[in-house]
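K.L.:
Got run_16.cif for you, mmCIF, C-alpha atoms and all ligand atoms:
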```
data_model
#
loop_
_atom_site.group_PDB
_atom_site.id
_atom_site.type_symbol
_atom_site.label_atom_id
_atom_site.label_comp_id
_atom_site.auth_asym_id
_atom_site.auth_seq_id
_atom_site.Cartn_x
_atom_site.Cartn_y
_atom_site.Cartn_z
ATOM 1 C CA MET H 300 107.385 146.790 70.741
ATOM 2 C CA SER H 301 110.109 144.300 71.621
ATOM 3 C CA ASN H 302 109.533 144.958 75.328
ATOM 4 C CA PHE H 303 105.897 144.018 74.976
ATOM 5 C CA GLY H 304 106.815 140.772 73.218
ATOM 6 C CA ILE H 305 109.127 139.700 76.028
ATOM 7 C CA ARG H 306 106.557 140.373 78.714
ATOM 8 C CA TYR H 307 103.950 138.379 76.815
ATOM 9 C CA GLY H 308 106.315 135.400 76.577
ATOM 10 C CA VAL H 309 106.980 135.397 80.309
ATOM 11 C CA SER H 310 103.315 135.379 81.211
ATOM 12 C CA LEU H 311 102.671 132.471 78.848
ATOM 13 C CA ARG H 312 105.452 130.472 80.488
ATOM 14 C CA LYS H 313 104.009 131.201 83.932
ATOM 15 C CA ARG H 314 100.588 130.019 82.845
ATOM 16 C CA TYR H 315 102.049 126.827 81.407
ATOM 17 C CA LEU H 316 103.862 126.070 84.677
ATOM 18 C CA ALA H 317 100.690 126.693 86.673
ATOM 19 C CA VAL H 318 98.732 124.221 84.543
ATOM 20 C CA LYS H 319 101.499 121.648 84.834
ATOM 21 C CA ALA H 320 101.559 121.934 88.622
ATOM 22 C CA ASP H 321 97.780 121.565 88.743
ATOM 23 C CA LYS H 322 97.915 118.320 86.799
ATOM 24 C CA GLN H 323 100.303 116.816 89.319
ATOM 25 C CA ARG H 324 98.453 118.120 92.354
ATOM 26 C CA ARG H 325 96.448 115.940 94.674
ATOM 27 C CA TYR H 326 92.879 116.846 95.317
ATOM 28 C CA LYS H 327 90.629 116.199 98.241
ATOM 29 C CA CYS H 328 88.207 113.342 97.775
ATOM 30 C CA ASP H 329 84.570 114.294 98.306
ATOM 31 C CA LEU H 330 83.759 110.803 99.532
ATOM 32 C CA CYS H 331 86.467 109.974 102.092
ATOM 33 C CA GLY H 332 87.923 113.453 102.649
ATOM 34 C CA LYS H 333 91.528 112.362 102.031
ATOM 35 C CA GLU H 334 93.772 114.325 99.712
ATOM 36 C CA ALA H 335 94.336 111.327 97.530
ATOM 37 C CA VAL H 336 92.664 112.146 94.234
ATOM 38 C CA LYS H 337 95.063 112.076 91.319
ATOM 39 C CA ARG H 338 94.682 112.492 87.601
ATOM 40 C CA GLU H 339 94.138 109.148 85.944
ATOM 41 C CA GLY H 340 93.555 110.192 82.357
ATOM 42 C CA ASN H 341 92.056 113.000 80.365
ATOM 43 C CA ALA H 342 89.390 114.461 82.722
ATOM 44 C CA ILE H 343 89.375 111.249 84.778
ATOM 45 C CA TRP H 344 90.407 111.422 88.435
ATOM 46 C CA ARG H 345 90.694 108.595 90.949
ATOM 47 C CA CYS H 346 90.989 108.563 94.706
ATOM 48 C CA ARG H 347 93.896 106.378 95.844
ATOM 49 C CA HIS H 348 92.247 105.924 99.218
ATOM 50 C CA CYS H 349 88.678 104.763 98.513
ATOM 51 C CA ASN H 350 89.061 104.146 94.752
ATOM 52 C CA ALA H 351 86.278 106.532 93.797
ATOM 53 C CA THR H 352 86.466 107.794 90.232
ATOM 54 C CA PHE H 353 85.515 111.318 89.258
ATOM 55 C CA ALA H 354 85.128 113.061 85.944
ATOM 56 C CA GLY H 355 86.463 116.574 86.158
ATOM 57 C CA GLY H 356 88.247 119.131 84.074
ATOM 58 C CA ALA H 357 91.084 118.049 81.826
ATOM 59 C CA TYR H 358 93.757 119.640 84.009
ATOM 60 C CA THR H 359 92.088 120.334 87.341
ATOM 61 C CA LEU H 360 89.606 118.204 89.224
ATOM 62 C CA LYS H 361 86.923 120.838 89.605
ATOM 63 C CA THR H 362 85.923 123.065 86.759
ATOM 64 C CA SER H 363 83.592 125.696 88.207
ATOM 65 C CA ALA H 364 82.369 125.366 91.812
ATOM 66 C CA GLY H 365 82.697 121.585 91.668
ATOM 67 C CA GLU H 366 79.656 121.136 89.483
ATOM 68 C CA THR H 367 81.044 118.156 87.576
ATOM 69 C CA VAL H 368 81.933 116.227 90.708
ATOM 70 C CA SER H 369 78.502 116.769 92.262
ATOM 71 C CA ARG H 370 76.865 115.462 89.134
ATOM 72 C CA ILE H 371 78.871 112.209 89.282
ATOM 73 C CA LEU H 372 77.951 111.707 92.929
ATOM 74 C CA GLY H 373 74.293 112.231 92.137
ATOM 75 C CA LYS H 374 73.878 115.204 94.437
ATOM 76 C CA GLU H 375 72.322 117.343 91.737
HETATM 77 ZN ZN ZN H 401 88.353 108.888 98.573
#
```
Please go through the file and, once you have read it, give me the structure as structure tokens.
Ligand SMILES: [Zn+2]

P.N.:
Amino acid sequence: MSNFGIRYGVSLRKRYLAVKADKQRRYKCDLCGKEAVKREGNAIWRCRHCNATFAGGAYTLKTSAGETVSRILGKE
């Protein structure tokens, strides 16, 4: 039982680190193609190159298959 508990704790820590790294990652801008999109606020992302603003997931720019970004750009 104690073995199981330890393994569970490690996987949680790994997941936390992955989310943290994602928040600090730069994403490619759909408008100018530069990897300059950074997290501006909760679910708000801004491109440092062309100043475009996107609404995405809270911790990563694209939620599933980039659907949120396409909606903002009006490509629906
Ligand atoms: Zn851009």

K.L.:
Compute the set of protein, DNA and RNA residues whose minimum atom distance to ligand ZN 401 (chain H) is at most 12 Å, using only C-alpha atoms and all ligand atoms, and state it as a PyMOL selection string.

P.N.:
chain H and resi 325-337+344-353

K.L.:
What gap, in Å, lies between CA of Leu316 (chain H) and CA of Ala342 (chain H)?

P.N.:
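So the answer is 18.7 Å.
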
K.L.:
Which distance in Å separates CA of Ala354 (chain H) and CA of Arg312 (chain H), to one decimal?

P.N.:
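Taking CA of Ala354 (chain H) as the start and CA of Arg312 (chain H) as the end point, the length is 27.3 Å.
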
K.L.:
Edge lengths and centre in Å to one decimal, as lines of an AutoDock Vina configuration file, is what I'm after for the box along x, y and z that holds all listed atoms of region 329-340 of chain H once 4 Å is added on each side.

P.N.:
```
center_x = 89.4
center_y = 111.7
center_z = 92.5
size_x = 19.3
size_y = 13.2
size_z = 28.3
```

K.L.:
So, with only C-alpha atoms as the atoms that count, which of H:Lys319, H:Arg314, H:Arg338, H:Arg324 lies closest to Gly356 (chain H)?

P.N.:
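Closest to Gly356 (chain H) of all the choices is H:Arg338.
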